[in-house]
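Have a look at the structure below, then the notes.
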Amino acid sequence: MTTKYIFFTGGVVSSVGKGVTAAAIGRLLKERGFSVAVQKLDPYINVDPGTMSPYQHGEVYVLDDGAETDLDLGHYERFIDVSLNRVCNVTTGQVYAEVISKERRGDYLGGTIQVIPHITNEIKRRIGLVAKTTGAEIVLVEIGGTVGDIESLPFLEALRQMRIDVGRENTIYIHVTWLPYIGATAELKTKPTQHSVRELRSIGISPDVVVARSDHPVEDELCEKIALFCDVERRAVIPLVTADVLYEVPLILEKLNIGDYLLERFKLEQRREPDFREWERLVQEVRRKKPTVRIALVGKYVELHDAYFSVREALEHGGLALGLEVQIDWVHSSDLEKERGWAVVKNADGILVPGGFGSRGIEGKIRAIRYARENEVPYLGLCLGMQLMVIEFARHILQSDDPNSTEFDRTTEYPVIDLMPDQRSIADMGGTMRLGLYPCQLVKGTRAAKAYATELVEERHRHRFELNNAYRDVLQKGGMLFSGISPDGRLVEIAELANHPFMVGTQFHPEFLSRPNRPHPLFAAFLDAARRRAGIPDRLQEVAQEVPAPEKSAAVVS
Ligand code: GLN
């Protein structure tokens with residue numbers, strides 16, 4: 001089948017959930033039997049978000065192939081349950097870097113390089129790569145920002161041309177807007193939506209579908225008004241009211257028949273009946289009143305919860321599987337250094353230290369980890385959280401405050417965490433870390449091996465530093481186990497403490513591979529340990545007791 005394209009643009013304001021909308025629509029199409037991939041076009045000039053502060057951008061989401069991408073890629077992977085690749089996140093920086101290096105090579109000798117056609121052609125080439133590299137039949141393309149931004153013009157122009165290149169029957173434009181609510185008159189307003197559609201039209205794109213996001217119920221009349229003024233069918237105006245449960249969005253959109261409408265426009269027959277029973281169960285489970293475990297998340301960017309988006313999601317997925325409400329208590333690590341925030345840490349059933357860079361707040365995190373070790377509080381350390389767990393333990397067994405990572409103290413006497421040898425000669429900061437999927441051999445009998453219930457796993461990485469092998473012996477003698485090792489034996493990937501209910505640190509980022517219906521085993525094991533500490537009975541065992549033992553069936557008896 002010819003590749004079908006759905007393009008998502010945003011209007012009125014940003015942050016209205018365009019990424020979640022695209023991801024959910026992808027799910028509707030996958031449920032109808034089509035293979036789907038999603039691409040995000042980001043108009044900023046950075047080559048990727050890897051060099052941006054989480055304050056600017058939120059989490060950097062890492063793919064199997066090591067691409068450092070926008071956090072929307074996380075939504076796509078979690079909602080659609082696909083593994084995407086590096087062509088699925090394109091930035092202005094990448095596009096210009098490519099065109100300029102071709103120009104230097106002489107590929108365009110004699111020509112003047114211009115936004116149209118050179119930049120737009122490169123954007124279109126990259127859109128084309130998605131179907132080629134993923135085999136997707138339907139490619140969803142989301143463009144970051146809102147219509148009217150100067151930076152997004154070349155991208156919109158490329159999208160406009162796509163309809164001419166691949167045909168009207170193979171392209172759908174979806175414009176996602178926002179309906180502001182005027183409190184004084186208690187009404188929703190469509191005018192900004194009309195304006196942004198007009199702006200889009202002036203660029204040459206007429207949307208086929210308008211998704212009108214709102215915090216309040218949208219009356220039918222309003223949808224008719226949008227249809228009339230924006231020149232789209234009434235059926236193609238989709239009022240999408242903010243959902244309190246993220247994973248309800250596909251269910252809401254399914255009820256609004258957008259999946260059927262899109263197939264109709266593409267003249268495609270659905271290949272199977274969509275089955276949302278698992279999603280419905282998931283949403284019911286989110287809403288069900290469950291016993292609460294409190295997890296103290298000790299981080300550096302805690303004011304901005306988006307900086308830890310996948311960690312939050314992975315905790316939620318694990319909680320759903322275990323029948324637990326996971327309450328995340330955000331703790332600013334530098335507060336702990338000033339003797340603030342300790343009540344929250346001491347109240348927690350589990351402590352988690354996520355990934356991070358730079359020295360601010362490091363000692364606060366180490367103190368939280370010491371508290372977890374000494375008080376037998378379940379602990380999960382992710383990347384930096386694993387490195388700091390090793391540093392804390394080294395300080396304890398060597399009876400010295402000096403053990404450190406050379407990231408924070410270049411001249412430490414005990415560099416228990418150090419640059420990887422292949423990182424030493426690297427000067428560039430962008431895209432040069434140890435990135436993406438690497439295999440990890442689990443050591444039998446350890447907590448990690450029990451949690452995974454397998455011997456070899458692959459996990460996504462994003463780091464420059466690692467456990468210094470010169471300290472393996474001394475740490476092991478002190479009671480640290482290396483429960484996951486790279487198959488060549490060179491790198492410690494998982495460390496844990498033998499004499500502790502649950503103290504596990506991973507050099508990789510398990511949060512990127514957690515899915516709503518497939519929680520990550522280490523998150524589940526961590527939450528299970530937190531449940532035990534909180535004195536909450538094991539739901540799985542309770543369920544087993546409630547269900548009477550099966551009687552021997554006739555077949556077995558005979
Ligand atoms: N800063 C550490 C390193 O580069 C940890 C990175 C992380 O937590 N992602 O190794």
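Ordering of the structure tokens sets the chain letters (A, B, ...), residue numbers begin anew at 1 in every chain, and ligands are numbered from 1 in the order given.
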Could you make a table, as a Markdown table, of the residues of chain A that have an atom within 6 Å of an atom of ligand 1, each with its nearest atom pair and distance in Å to one decimal, counting only C-alpha atoms and all ligand atoms, in chain and number order?
| residue | atom | partner | partner_atom_place_in_ligand_line | distance |
| --- | --- | --- | --- | --- |
| A:Gly355 | CA | ligand 1 | 8 (O) | 3.1 |
| A:Gly356 | CA | ligand 1 | 8 (O) | 4.1 |
| A:Phe357 | CA | ligand 1 | 1 (N) | 4.0 |
| A:Cys383 | CA | ligand 1 | 8 (O) | 4.2 |
| A:Leu384 | CA | ligand 1 | 8 (O) | 3.7 |
| A:Arg462 | CA | ligand 1 | 9 (N) | 4.9 |
| A:His463 | CA | ligand 1 | 10 (O) | 3.7 |
| A:Arg464 | CA | ligand 1 | 4 (O) | 3.9 |
| A:Phe465 | CA | ligand 1 | 10 (O) | 3.5 |
If you count only C-alpha atoms, which residues fall within 10 Å of A:Ala236, apart from same-chain ones fewer than 2 positions away, as a list of chain:residue names?
->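 In the requested form, the answer reads A:Ile174, A:Pro207, A:Asp208, A:Val209, A:Val210, A:Val211, A:Cys223, A:Ile226, A:Ala227, A:Asp231, A:Val232, A:Glu233, A:Arg234, A:Ile238, A:Pro239, A:Leu256, A:Asn257, A:Ile258, A:Tyr261, A:Leu262.
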Can you write out as CSV which residues of stretch 218-336 of chain A fall within 8 Å of stretch 177-195 of chain A, alongside each residue's closest atom pair and its distance in Å to one decimal, counting only C-alpha atoms and ordering rows by chain and ascending residue number?
residue,atom,partner,partner_atom,distance
A:Val218,CA,A:Leu188,CA,7.6
A:Leu222,CA,A:Thr190,CA,7.4
A:Lys225,CA,A:Thr190,CA,7.9
A:Ile226,CA,A:Thr190,CA,6.7
A:Phe229,CA,A:Gln194,CA,6.4
A:Cys230,CA,A:Gln194,CA,6.0
Written file, previous selection with C-alpha atoms, as a compact mmCIF listing (two decimals), in the first residue's frame:
# COMPACT_ATOMS: atom_id res chain seq x y z
CA VAL A 218 -17.70 21.51 24.31
CA LEU A 222 -19.62 25.17 19.12
CA LYS A 225 -19.46 26.81 14.44
CA ILE A 226 -15.89 25.59 14.12
CA PHE A 229 -15.82 28.90 10.00
CA CYS A 230 -12.90 26.57 9.47
Could you state the separation of atom CA of A:Val377 and atom CA of A:Ala453 in Å, given to one decimal place?
->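 It comes out at 23.3 Å.
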Stretch 340-521 of chain A: residues DSSP assigns to helix (DSSP H, G or I), reported as JSON, numbers by chain = {"A": [342, 343, 344, 345, 346, 347, 362, 363, 364, 365, 366, 367, 368, 369, 370, 371, 372, 373, 374, 384, 385, 386, 387, 388, 389, 390, 391, 392, 393, 394, 395, 396, 397, 398, 421, 422, 423, 447, 448, 449, 450, 451, 452, 469, 470, 471, 472, 473, 474, 475, 476, 477, 478, 510, 511, 512, 513, 521]}
Could you give me, as a ChimeraX atom specification, the residues within 10 Å of A:His118, counting only C-alpha atoms and dropping anything in the same chain fewer than 3 positions from it?
-> /A:95-96,99,108,112-115,121-124
Write the selection just made, keeping all heavy atoms, as an mmCIF file, in the first residue's frame?
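Ended up saving to result.cif:
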data_model
loop_
_atom_site.group_PDB
_atom_site.id
_atom_site.type_symbol
_atom_site.label_atom_id
_atom_site.label_comp_id
_atom_site.auth_asym_id
_atom_site.auth_seq_id
_atom_site.Cartn_x
_atom_site.Cartn_y
_atom_site.Cartn_z
ATOM 1 N N VAL A 95 18.657 19.540 9.760
ATOM 2 C CA VAL A 95 18.372 19.804 8.350
ATOM 3 C C VAL A 95 19.438 20.733 7.771
ATOM 4 O O VAL A 95 20.035 20.458 6.724
ATOM 5 C CB VAL A 95 16.957 20.415 8.206
ATOM 6 C CG1 VAL A 95 16.724 20.913 6.794
ATOM 7 C CG2 VAL A 95 15.903 19.385 8.610
ATOM 8 N N TYR A 96 19.722 21.812 8.490
ATOM 9 C CA TYR A 96 20.725 22.760 7.991
ATOM 10 C C TYR A 96 22.118 22.135 7.977
ATOM 11 O O TYR A 96 22.897 22.352 7.048
ATOM 12 C CB TYR A 96 20.704 24.054 8.815
ATOM 13 C CG TYR A 96 19.694 25.048 8.292
ATOM 14 C CD1 TYR A 96 18.352 24.939 8.626
ATOM 15 C CD2 TYR A 96 20.080 26.070 7.423
ATOM 16 C CE1 TYR A 96 17.414 25.823 8.131
ATOM 17 C CE2 TYR A 96 19.148 26.966 6.925
ATOM 18 C CZ TYR A 96 17.812 26.838 7.279
ATOM 19 O OH TYR A 96 16.891 27.719 6.776
ATOM 20 N N VAL A 99 22.375 20.079 4.831
ATOM 21 C CA VAL A 99 22.414 20.859 3.588
ATOM 22 C C VAL A 99 23.752 21.596 3.486
ATOM 23 O O VAL A 99 24.383 21.621 2.421
ATOM 24 C CB VAL A 99 21.217 21.843 3.525
ATOM 25 C CG1 VAL A 99 21.372 22.826 2.372
ATOM 26 C CG2 VAL A 99 19.909 21.066 3.404
ATOM 27 N N TYR A 108 26.058 20.865 -4.673
ATOM 28 C CA TYR A 108 25.171 21.771 -5.412
ATOM 29 C C TYR A 108 25.993 22.758 -6.259
ATOM 30 O O TYR A 108 25.569 23.893 -6.458
ATOM 31 C CB TYR A 108 24.308 22.607 -4.458
ATOM 32 C CG TYR A 108 23.607 21.893 -3.329
ATOM 33 C CD1 TYR A 108 24.074 21.998 -2.015
ATOM 34 C CD2 TYR A 108 22.448 21.164 -3.563
ATOM 35 C CE1 TYR A 108 23.414 21.396 -0.968
ATOM 36 C CE2 TYR A 108 21.780 20.548 -2.512
ATOM 37 C CZ TYR A 108 22.270 20.666 -1.213
ATOM 38 O OH TYR A 108 21.611 20.075 -0.181
ATOM 39 N N THR A 112 22.601 28.350 -5.984
ATOM 40 C CA THR A 112 22.389 29.146 -4.780
ATOM 41 C C THR A 112 21.519 28.314 -3.857
ATOM 42 O O THR A 112 20.471 27.821 -4.281
ATOM 43 C CB THR A 112 21.640 30.444 -5.129
ATOM 44 O OG1 THR A 112 22.352 31.082 -6.170
ATOM 45 C CG2 THR A 112 21.540 31.364 -3.922
ATOM 46 N N ILE A 113 21.952 28.136 -2.606
ATOM 47 C CA ILE A 113 21.187 27.276 -1.691
ATOM 48 C C ILE A 113 20.132 28.123 -1.000
ATOM 49 O O ILE A 113 20.455 29.131 -0.375
ATOM 50 C CB ILE A 113 22.108 26.620 -0.638
ATOM 51 C CG1 ILE A 113 23.381 26.093 -1.283
ATOM 52 C CG2 ILE A 113 21.387 25.510 0.112
ATOM 53 C CD1 ILE A 113 23.155 25.156 -2.427
ATOM 54 N N GLN A 114 18.883 27.685 -1.091
ATOM 55 C CA GLN A 114 17.783 28.480 -0.538
ATOM 56 C C GLN A 114 16.853 27.626 0.326
ATOM 57 O O GLN A 114 16.884 26.389 0.242
ATOM 58 C CB GLN A 114 17.000 29.100 -1.697
ATOM 59 C CG GLN A 114 17.838 30.139 -2.438
ATOM 60 C CD GLN A 114 17.096 30.734 -3.595
ATOM 61 O OE1 GLN A 114 16.691 30.023 -4.514
ATOM 62 N NE2 GLN A 114 16.921 32.045 -3.560
ATOM 63 N N VAL A 115 16.041 28.330 1.131
ATOM 64 C CA VAL A 115 15.104 27.603 2.010
ATOM 65 C C VAL A 115 14.180 26.740 1.144
ATOM 66 O O VAL A 115 13.969 25.558 1.413
ATOM 67 C CB VAL A 115 14.304 28.587 2.889
ATOM 68 C CG1 VAL A 115 13.217 27.839 3.663
ATOM 69 C CG2 VAL A 115 15.229 29.297 3.868
ATOM 70 N N ASN A 121 13.282 20.434 0.638
ATOM 71 C CA ASN A 121 13.534 19.090 0.078
ATOM 72 C C ASN A 121 14.170 18.172 1.117
ATOM 73 O O ASN A 121 13.847 16.993 1.190
ATOM 74 C CB ASN A 121 14.459 19.171 -1.143
ATOM 75 C CG ASN A 121 13.692 19.624 -2.377
ATOM 76 O OD1 ASN A 121 12.457 19.702 -2.352
ATOM 77 N ND2 ASN A 121 14.416 19.929 -3.438
ATOM 78 N N GLU A 122 15.093 18.738 1.890
ATOM 79 C CA GLU A 122 15.760 17.917 2.915
ATOM 80 C C GLU A 122 14.739 17.502 3.990
ATOM 81 O O GLU A 122 14.769 16.377 4.475
ATOM 82 C CB GLU A 122 16.931 18.700 3.529
ATOM 83 C CG GLU A 122 17.672 17.992 4.655
ATOM 84 C CD GLU A 122 18.267 16.632 4.278
ATOM 85 O OE1 GLU A 122 18.469 16.358 3.077
ATOM 86 O OE2 GLU A 122 18.499 15.821 5.198
ATOM 87 N N ILE A 123 13.815 18.398 4.328
ATOM 88 C CA ILE A 123 12.768 18.038 5.302
ATOM 89 C C ILE A 123 11.913 16.902 4.717
ATOM 90 O O ILE A 123 11.638 15.897 5.386
ATOM 91 C CB ILE A 123 11.887 19.262 5.655
ATOM 92 C CG1 ILE A 123 12.716 20.317 6.385
ATOM 93 C CG2 ILE A 123 10.684 18.842 6.511
ATOM 94 C CD1 ILE A 123 12.021 21.663 6.588
ATOM 95 N N LYS A 124 11.541 17.039 3.461
ATOM 96 C CA LYS A 124 10.692 16.001 2.848
ATOM 97 C C LYS A 124 11.438 14.671 2.730
ATOM 98 O O LYS A 124 10.861 13.606 2.916
ATOM 99 C CB LYS A 124 10.203 16.458 1.466
ATOM 100 C CG LYS A 124 9.196 17.594 1.554
ATOM 101 C CD LYS A 124 8.466 17.815 0.243
ATOM 102 C CE LYS A 124 9.384 18.394 -0.804
ATOM 103 N NZ LYS A 124 8.704 18.606 -2.089
#
In Å, how far is it from atom CA of A:Tyr76 to atom CA of A:Glu31?
->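 According to the coordinates, atom CA of A:Tyr76 and atom CA of A:Glu31 are separated by 14.2 Å.
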Just the residues within 7 Å of stretch 318-326 of chain A, please, counting only C-alpha atoms, with nothing from its chain fewer than 4 positions along; format it as a list in words.
-> Glu285, Val286, Lys290, Pro291, Thr292, Val293, Arg294, Ile295, Ala314, Pro519, His520, Phe523, Ala524, Leu527 and Arg539 of chain A
Interface rows for stretch 402-465 of chain A against stretch 49-71 of chain A: nearest pair, Å to one decimal, 8 Å, only C-alpha atoms, as CSV:
residue,atom,partner,partner_atom,distance
A:Met429,CA,A:Thr51,CA,7.2
A:Gly430,CA,A:Thr51,CA,6.0
A:Gly431,CA,A:Gly50,CA,6.9
A:Leu435,CA,A:Gly66,CA,4.4
A:Gly436,CA,A:Gly66,CA,3.4
A:Leu437,CA,A:Asp64,CA,4.9
A:Arg460,CA,A:Asp64,CA,6.2
A:His461,CA,A:Gly66,CA,7.5
A:Arg462,CA,A:Val62,CA,7.4
